[in-house]
Amino acid sequence: MIEFHDVTVTYPGADRATLSTVDLTVDEGELCLVAGRTGAGKSTLLGAVNGLVPHFTGGRLAGRVVVAGLDTREHRPRDFAAVVGVVGQDPLAGFVTDTVEEELAYVMEQLAVPPDVMRKRVEETLDLLGIAELRNRPLRTLSGGQQQRVAIGSVLTAHPRVLVLDEPTSALDPTAAEDVLAAITRLVHDLGVTVLVAEHRMERVAHFADRMLYLVGDGSVLSGTPREVMAVSEIAPPVVELGRLAGWSPLPLSVRDARRVAHGLRERLAGLTRPPTPPGTGAPVLTARGIVVRYGALVAVRGLDLDLHPGRVVAVMGRNGSGKSSLLWALQGSGPRQAGTVDVGGVDPAKLKSRAARGLVGLVPQTPTDLLYLDTVAAECAQADQESESAPGTCRALLDRLAPGIPDDRHPRDLSEGQRLALVLAVQLAAAPRIVLLDEPTRGLDYGAKRHLASILAELSADGHAVVVSTHDVEFVADIADRVVVLAEGEVVADGPTADVVVSSPAFAPQVAKVLHPLEWLTVAEVARALEAAP
Amino acid sequence: MTRTAEPTRAARSWYRLPRAVHPAAWWLWALGMAVAAGRTTNPVLLAMVLAVVAFVVVNRRGDAPWAFAFRLYAYLGLVIVVMRVLFRILLGGPQGEHVLVVLPEIPLPDVAAGIQLLGPFTLEELLGGFYDGLRLATMLICVGAANALANPKRMLKSLPAALYEVGAAVVVALSVAPQLAESVLRVRRARRLRGGGQRGMRALRGIVIPVLSDAMDRSLALAAAMDVRGYGRSGDAPPALRRATGALVVVGLLGVCVGVYGLMDGTTRTLGAPLLLAGLALAGTGFLLGGRTVAKSSYRPDRWRVVDVAVAACGVTAAAVLYLTSSVDAANLYPSLSPLRWPQLAALPACGVLIGLLPAWIAPPPPSTAEVPR
């Protein structure tokens, strides 16, 4: 169905080819997982399938890409509309109309599908994706998971034979992500659509996939069954890493596979105890009582109490729209807060000037680039020192600690997601706040970048900072958090040490906990340390 | 499919089912009412037009966001009336004899002879300003009614195929505008996190650069999304034909504008109708030529049914009746200010305006966009 013959893609100004001499075939009806580090060329590979690379993005493509008999050299992306459906990372950015039904019909209008066929296909697609009750809703009022399913529906109505999805679940909470992935697998199984999906959190897709394409990073692509590729790939989901640690063969790809071979490991670990979470050290540095945030009739945070202790990392979890961001902004003092008190060492940050408030509480927002506006990293750092009235070089020193080796003259837009996050974090830390809040920092980070972020956060908390992270990423939470707060509809539904909260929850339990249940182990690293220490 | 035994009753109940009336029908009705309002300064007639329009809007608007724009237009109308009267007080010349208050006059140099600042304020001036303002406000509120009743984007969808590209551009612009506003708010909020203490240009830069780079990213993403979904597949008409189509449409529409002005102005009878017809013919040819090269279909297109034609006809009739009355019996349409007289209400124009009320019953109720209760 999809054939790459000797494909090399080079962007202007790049010192090496993003893809070099790639030869691969994806057969009809396969679900194919595309994995690799950020910047390894996943988006380039996906874009090449329907000719967006190079017709739209520029660059030079040598070799041939043939999809369903059409060569991308002779056909423009628009000519592929009936053959290849493309869904991006941010569904809202790709919406052309403003209600669900019209969005589903758009591609068919362009293809001049007769009106009666159009009507029928819209109804079928609404049912197929379980979004029939949303048909008249404006797209902007839908939740993230619903938007992503509409985005998938909006390309399905053209009856494409190939579906290309670029990180379709990166912005979704675990349950919404499951919904979207379930819809995708249903398409593969019921309709025989060929699906190419890029996904950072491979643990979600690896066990559904028939084929895995792993972009090594030097322009070459490893193609094979997930089991073959996982055995050698540098990045792997926790369940695979646990399998490698325990020496299981064949490597398990799903929690189910792993549980069936995990008897021995569970018995070995039963005698060992998990290192206890250190108790809260010292008096809370931030005390919030009865926080209420509302936008008109919509109540985002409903009378919430929270204490933050120095040296601890708290993860805030919950559905999209459960009030996580509103809570963080209200704690920082810049966001709205209709009632309640926030007390940071006797001061309410909302009553201070913004410059003084950021010296108490630093917040890295969901789109960190909103804070950057200068043309070089050095200029941003200098500006940050001046704004926070700290000694010149403070921000640069922090940045070198968080992400070493970023050249001074680099434009912030040319940094990788992880580096940009580090830069914004350094800018915020320049004011030396004792409390650091991060709103969904893991969005778009690969395993490597996440591991690095985890070590940064561990260092911050070791320095005595109180750190709060809102995230959907359960594996990341298992890795970093001492305590987890779960929100629903603006209220706290669970609050306690990480193990107590996540192990029992089907949505929030990390893979290792699911494999080793009922033992309370959360990460591969913990298990490895315990096994090493054991006789 | 089974045919019911009582076709008339079945037809009637089908006809009462909620559905959206063709947006162009609402626009024609509303423009008709606006034209009718434009032909008179009689406050009684204008008040009737306002009442009719408001009644229809309240009865037949949907629950979509744009439906609530009507209130804004009403406020804007009020502002217009107040401003008109205030300007009359400020700048009104010595008119009429019924002095209400004598305000201290501000002397002006000789150059500005003929302009009087403040000074005695008469009832005639007050009424003159009020009638004028009310007429303008009523016309504006009629346009507001069209906006509240018809989905502006569906209106663009029912444009002729030749205007498809223009319509698509406008739709995209309409969707991008709120996104831009959103990203300005987001970035401003984020600036506070950094303690942005700058003022003036530097602060502006801190907001404008992230917003613009965000807007660039979004438009690129949107363009890519439109491209991969087949936008522009069929826009391959030969350039000569495209230019000819464009020229025909533009010249034709200009003709239509001048013609409409001529008709409504009423002073140059020779200019109006012929230019309007010629313009329509030119633009129509352009649309036909351009439409032939566009191969697209439309999802659930709005159709002109009997009811939709009737709705449009009500507005057009109201306008026609007032237009005719003005040549028969102008006195009632423009109440006299000197000598001051109570405005009279004649039967004919009143009936004309009341015809505009009919859509409140003949148009089917609007569909609900809320979720279906289960």
# chains A, B, ... in the order shown; residues from 1 in each chain; ligands from 1
>>> interface_residues(of="chain B", to="chain A", cutoff="7 Å", atoms="only C-alpha atoms", output="ChimeraX atom specification")
/B:172,187,190-195,206,209-210,218,221-222,225,227-231,233,295-300,369,371
>>> write_last_selection(atoms="C-alpha atoms", output="mmCIF file, in the first residue's frame")
data_model
loop_
_atom_site.group_PDB
_atom_site.id
_atom_site.type_symbol
_atom_site.label_atom_id
_atom_site.label_comp_id
_atom_site.auth_asym_id
_atom_site.auth_seq_id
_atom_site.Cartn_x
_atom_site.Cartn_y
_atom_site.Cartn_z
ATOM 1 C CA VAL B 172 -11.450 31.017 7.438
ATOM 2 C CA VAL B 187 0.215 35.744 25.834
ATOM 3 C CA ALA B 190 1.853 34.742 30.256
ATOM 4 C CA ARG B 191 3.758 38.040 30.174
ATOM 5 C CA ARG B 192 2.663 38.642 33.735
ATOM 6 C CA LEU B 193 4.332 35.382 34.739
ATOM 7 C CA ARG B 194 7.633 36.828 33.636
ATOM 8 C CA GLY B 195 6.920 39.984 35.572
ATOM 9 C CA GLY B 206 6.646 40.929 24.137
ATOM 10 C CA ILE B 209 5.966 38.554 18.608
ATOM 11 C CA PRO B 210 4.594 35.440 20.342
ATOM 12 C CA ARG B 218 -1.713 28.236 12.944
ATOM 13 C CA ALA B 221 -1.233 24.234 9.936
ATOM 14 C CA LEU B 222 -4.593 25.311 8.545
ATOM 15 C CA ALA B 225 -4.965 20.757 6.627
ATOM 16 C CA ASP B 227 -4.513 21.114 1.214
ATOM 17 C CA VAL B 228 -4.499 17.497 2.374
ATOM 18 C CA ARG B 229 -8.268 17.552 2.433
ATOM 19 C CA GLY B 230 -8.473 18.425 -1.211
ATOM 20 C CA TYR B 231 -8.962 22.178 -1.159
ATOM 21 C CA ARG B 233 -8.375 20.485 -6.487
ATOM 22 C CA ALA B 295 -16.418 20.984 -9.434
ATOM 23 C CA LYS B 296 -17.643 20.875 -5.862
ATOM 24 C CA SER B 297 -20.703 19.646 -4.136
ATOM 25 C CA SER B 298 -22.419 21.158 -1.182
ATOM 26 C CA TYR B 299 -23.414 19.310 1.990
ATOM 27 C CA ARG B 300 -27.093 19.779 2.867
ATOM 28 C CA THR B 369 -28.502 22.957 18.273
ATOM 29 C CA GLU B 371 -27.879 18.054 22.505
#
>>> select_by_dssp(residues="stretch 27-57 of chain A", states="strand (DSSP E or B)", output="PyMOL selection string")
chain A and resi 31-36
>>> write_last_selection(atoms="N, CA and C atoms", output="PDB file, in the first residue's frame")
ATOM      1  N   LEU A  31      -1.487  -1.890  10.922  1.00  0.00           N
ATOM      2  CA  LEU A  31      -1.352  -0.780  11.856  1.00  0.00           C
ATOM      3  C   LEU A  31       0.129  -0.654  12.148  1.00  0.00           C
ATOM      4  N   CYS A  32       0.666   0.484  11.775  1.00  0.00           N
ATOM      5  CA  CYS A  32       2.108   0.634  11.776  1.00  0.00           C
ATOM      6  C   CYS A  32       2.494   1.744  12.734  1.00  0.00           C
ATOM      7  N   LEU A  33       3.307   1.425  13.723  1.00  0.00           N
ATOM      8  CA  LEU A  33       3.724   2.409  14.718  1.00  0.00           C
ATOM      9  C   LEU A  33       5.035   3.039  14.288  1.00  0.00           C
ATOM     10  N   VAL A  34       5.079   4.365  14.265  1.00  0.00           N
ATOM     11  CA  VAL A  34       6.302   5.070  13.909  1.00  0.00           C
ATOM     12  C   VAL A  34       6.882   5.655  15.189  1.00  0.00           C
ATOM     13  N   ALA A  35       8.108   5.291  15.518  1.00  0.00           N
ATOM     14  CA  ALA A  35       8.686   5.774  16.770  1.00  0.00           C
ATOM     15  C   ALA A  35      10.075   6.315  16.519  1.00  0.00           C
ATOM     16  N   GLY A  36      10.544   7.068  17.471  1.00  0.00           N
ATOM     17  CA  GLY A  36      11.876   7.648  17.346  1.00  0.00           C
ATOM     18  C   GLY A  36      11.957   8.880  18.204  1.00  0.00           C
TER      19      GLY A  36
END
>>> residues_around(residues="B:Leu159", least_positions_apart="3", cutoff="12 Å", atoms="only C-alpha atoms", output="PyMOL selection string")
chain B and resi 22-24+152-156+162-168+170+287+291+298+301-302
>>> write_last_selection(atoms="N, CA and C atoms", output="PDB file, in the first residue's frame")
ATOM      1  N   HIS B  22     -33.926  29.528   4.571  1.00  0.00           N
ATOM      2  CA  HIS B  22     -32.776  29.930   3.739  1.00  0.00           C
ATOM      3  C   HIS B  22     -32.232  31.279   4.220  1.00  0.00           C
ATOM      4  N   PRO B  23     -30.928  31.342   4.495  1.00  0.00           N
ATOM      5  CA  PRO B  23     -30.400  32.595   5.037  1.00  0.00           C
ATOM      6  C   PRO B  23     -30.665  33.789   4.122  1.00  0.00           C
ATOM      7  N   ALA B  24     -30.613  33.555   2.807  1.00  0.00           N
ATOM      8  CA  ALA B  24     -30.842  34.679   1.900  1.00  0.00           C
ATOM      9  C   ALA B  24     -32.275  35.194   2.026  1.00  0.00           C
ATOM     10  N   PRO B 152     -24.466  33.553   9.485  1.00  0.00           N
ATOM     11  CA  PRO B 152     -23.678  34.264   8.475  1.00  0.00           C
ATOM     12  C   PRO B 152     -22.825  33.319   7.632  1.00  0.00           C
ATOM     13  N   LYS B 153     -22.352  32.216   8.236  1.00  0.00           N
ATOM     14  CA  LYS B 153     -21.498  31.324   7.460  1.00  0.00           C
ATOM     15  C   LYS B 153     -22.304  30.510   6.444  1.00  0.00           C
ATOM     16  N   ARG B 154     -23.534  30.162   6.793  1.00  0.00           N
ATOM     17  CA  ARG B 154     -24.368  29.434   5.827  1.00  0.00           C
ATOM     18  C   ARG B 154     -24.707  30.344   4.650  1.00  0.00           C
ATOM     19  N   MET B 155     -24.842  31.620   4.963  1.00  0.00           N
ATOM     20  CA  MET B 155     -25.103  32.595   3.912  1.00  0.00           C
ATOM     21  C   MET B 155     -23.968  32.548   2.890  1.00  0.00           C
ATOM     22  N   LEU B 156     -22.723  32.486   3.416  1.00  0.00           N
ATOM     23  CA  LEU B 156     -21.580  32.442   2.506  1.00  0.00           C
ATOM     24  C   LEU B 156     -21.578  31.145   1.710  1.00  0.00           C
ATOM     25  N   ALA B 162     -18.975  30.541  -8.315  1.00  0.00           N
ATOM     26  CA  ALA B 162     -17.847  31.363  -8.766  1.00  0.00           C
ATOM     27  C   ALA B 162     -17.231  32.130  -7.614  1.00  0.00           C
ATOM     28  N   LEU B 163     -18.039  32.401  -6.576  1.00  0.00           N
ATOM     29  CA  LEU B 163     -17.518  33.158  -5.435  1.00  0.00           C
ATOM     30  C   LEU B 163     -17.004  32.226  -4.347  1.00  0.00           C
ATOM     31  N   TYR B 164     -16.878  30.915  -4.653  1.00  0.00           N
ATOM     32  CA  TYR B 164     -16.513  29.950  -3.630  1.00  0.00           C
ATOM     33  C   TYR B 164     -15.215  30.329  -2.913  1.00  0.00           C
ATOM     34  N   GLU B 165     -14.207  30.711  -3.726  1.00  0.00           N
ATOM     35  CA  GLU B 165     -12.899  30.996  -3.128  1.00  0.00           C
ATOM     36  C   GLU B 165     -13.008  32.151  -2.142  1.00  0.00           C
ATOM     37  N   VAL B 166     -13.739  33.197  -2.543  1.00  0.00           N
ATOM     38  CA  VAL B 166     -13.920  34.354  -1.668  1.00  0.00           C
ATOM     39  C   VAL B 166     -14.618  33.915  -0.389  1.00  0.00           C
ATOM     40  N   GLY B 167     -15.676  33.125  -0.561  1.00  0.00           N
ATOM     41  CA  GLY B 167     -16.428  32.657   0.596  1.00  0.00           C
ATOM     42  C   GLY B 167     -15.550  31.862   1.541  1.00  0.00           C
ATOM     43  N   ALA B 168     -14.717  30.962   0.982  1.00  0.00           N
ATOM     44  CA  ALA B 168     -13.842  30.144   1.830  1.00  0.00           C
ATOM     45  C   ALA B 168     -12.889  31.033   2.604  1.00  0.00           C
ATOM     46  N   VAL B 170     -13.328  34.122   3.514  1.00  0.00           N
ATOM     47  CA  VAL B 170     -14.033  34.848   4.572  1.00  0.00           C
ATOM     48  C   VAL B 170     -14.332  33.924   5.746  1.00  0.00           C
ATOM     49  N   PHE B 287     -20.945  34.916 -12.870  1.00  0.00           N
ATOM     50  CA  PHE B 287     -21.162  33.773 -11.976  1.00  0.00           C
ATOM     51  C   PHE B 287     -21.331  32.477 -12.767  1.00  0.00           C
ATOM     52  N   GLY B 291     -18.783  29.562 -12.381  1.00  0.00           N
ATOM     53  CA  GLY B 291     -19.336  28.382 -11.743  1.00  0.00           C
ATOM     54  C   GLY B 291     -19.088  27.115 -12.525  1.00  0.00           C
ATOM     55  N   SER B 298     -22.135  20.442  -2.411  1.00  0.00           N
ATOM     56  CA  SER B 298     -22.419  21.158  -1.182  1.00  0.00           C
ATOM     57  C   SER B 298     -23.200  20.231  -0.251  1.00  0.00           C
ATOM     58  N   PRO B 301     -27.324  21.497   1.152  1.00  0.00           N
ATOM     59  CA  PRO B 301     -27.474  22.891   0.729  1.00  0.00           C
ATOM     60  C   PRO B 301     -28.844  23.431   1.158  1.00  0.00           C
ATOM     61  N   ASP B 302     -28.887  24.730   1.422  1.00  0.00           N
ATOM     62  CA  ASP B 302     -30.178  25.349   1.736  1.00  0.00           C
ATOM     63  C   ASP B 302     -30.980  25.441   0.457  1.00  0.00           C
TER      64      ASP B 302
END
>>> atom_distance(atom1="atom CA of A:Ala182", atom2="atom CA of A:Glu417")
28.0 Å
>>> decode(residues="stretch 313-376 of chain A", atoms="C-alpha atoms", output="compact mmCIF listing (two decimals), in the first residue's frame")
# COMPACT_ATOMS: atom_id res chain seq x y z
CA VAL A 313 7.10 16.97 43.99
CA VAL A 314 3.32 16.96 43.68
CA ALA A 315 1.61 15.72 40.51
CA VAL A 316 -1.83 17.09 39.68
CA MET A 317 -3.81 14.74 37.44
CA GLY A 318 -7.33 14.60 36.07
CA ARG A 319 -9.33 14.79 32.86
CA ASN A 320 -8.93 17.61 30.37
CA GLY A 321 -10.96 20.46 31.80
CA SER A 322 -10.92 19.22 35.39
CA GLY A 323 -9.42 22.49 36.62
CA LYS A 324 -5.70 21.67 36.73
CA SER A 325 -4.51 24.74 34.82
CA SER A 326 -6.93 27.07 36.59
CA LEU A 327 -5.64 25.81 39.93
CA LEU A 328 -1.99 26.41 39.02
CA TRP A 329 -2.71 29.91 37.70
CA ALA A 330 -4.70 30.75 40.82
CA LEU A 331 -1.86 29.53 43.05
CA GLN A 332 0.61 31.68 41.14
CA GLY A 333 -1.60 34.71 41.56
CA SER A 334 -1.79 35.76 37.89
CA GLY A 335 -4.93 33.82 37.13
CA PRO A 336 -8.43 34.63 38.33
CA ARG A 337 -9.49 33.56 41.82
CA GLN A 338 -12.95 34.42 43.08
CA ALA A 339 -12.63 33.16 46.62
CA GLY A 340 -10.23 31.51 49.03
CA THR A 341 -6.79 32.36 50.32
CA VAL A 342 -3.26 31.58 49.17
CA ASP A 343 -0.57 32.07 51.78
CA VAL A 344 3.12 31.97 50.84
CA GLY A 345 5.10 32.87 53.95
CA GLY A 346 2.37 35.22 55.12
CA VAL A 347 1.88 36.90 51.72
CA ASP A 348 -0.79 36.39 49.07
CA PRO A 349 0.97 36.38 45.66
CA ALA A 350 -2.19 37.66 43.94
CA LYS A 351 -1.94 40.88 45.94
CA LEU A 352 1.64 41.52 44.85
CA LYS A 353 2.92 43.12 41.68
CA SER A 354 3.60 40.45 39.07
CA ARG A 355 7.35 40.99 39.44
CA ALA A 356 7.27 40.27 43.16
CA ALA A 357 4.82 37.39 42.75
CA ARG A 358 7.15 35.50 40.46
CA GLY A 359 9.84 35.71 43.12
CA LEU A 360 7.53 33.63 45.32
CA VAL A 361 5.90 31.27 42.83
CA GLY A 362 7.18 30.51 39.32
CA LEU A 363 4.85 29.05 36.71
CA VAL A 364 5.77 27.48 33.38
CA PRO A 365 2.58 27.65 31.29
CA GLN A 366 1.21 25.02 28.93
CA THR A 367 2.59 26.80 25.88
CA PRO A 368 6.02 27.84 27.15
CA THR A 369 6.80 29.72 23.93
CA ASP A 370 4.32 32.41 25.02
CA LEU A 371 7.05 33.69 27.32
CA LEU A 372 9.75 33.96 24.68
CA TYR A 373 10.00 36.89 22.31
CA LEU A 374 13.65 37.72 21.68
CA ASP A 375 15.77 36.39 18.82
CA THR A 376 18.56 34.64 20.70
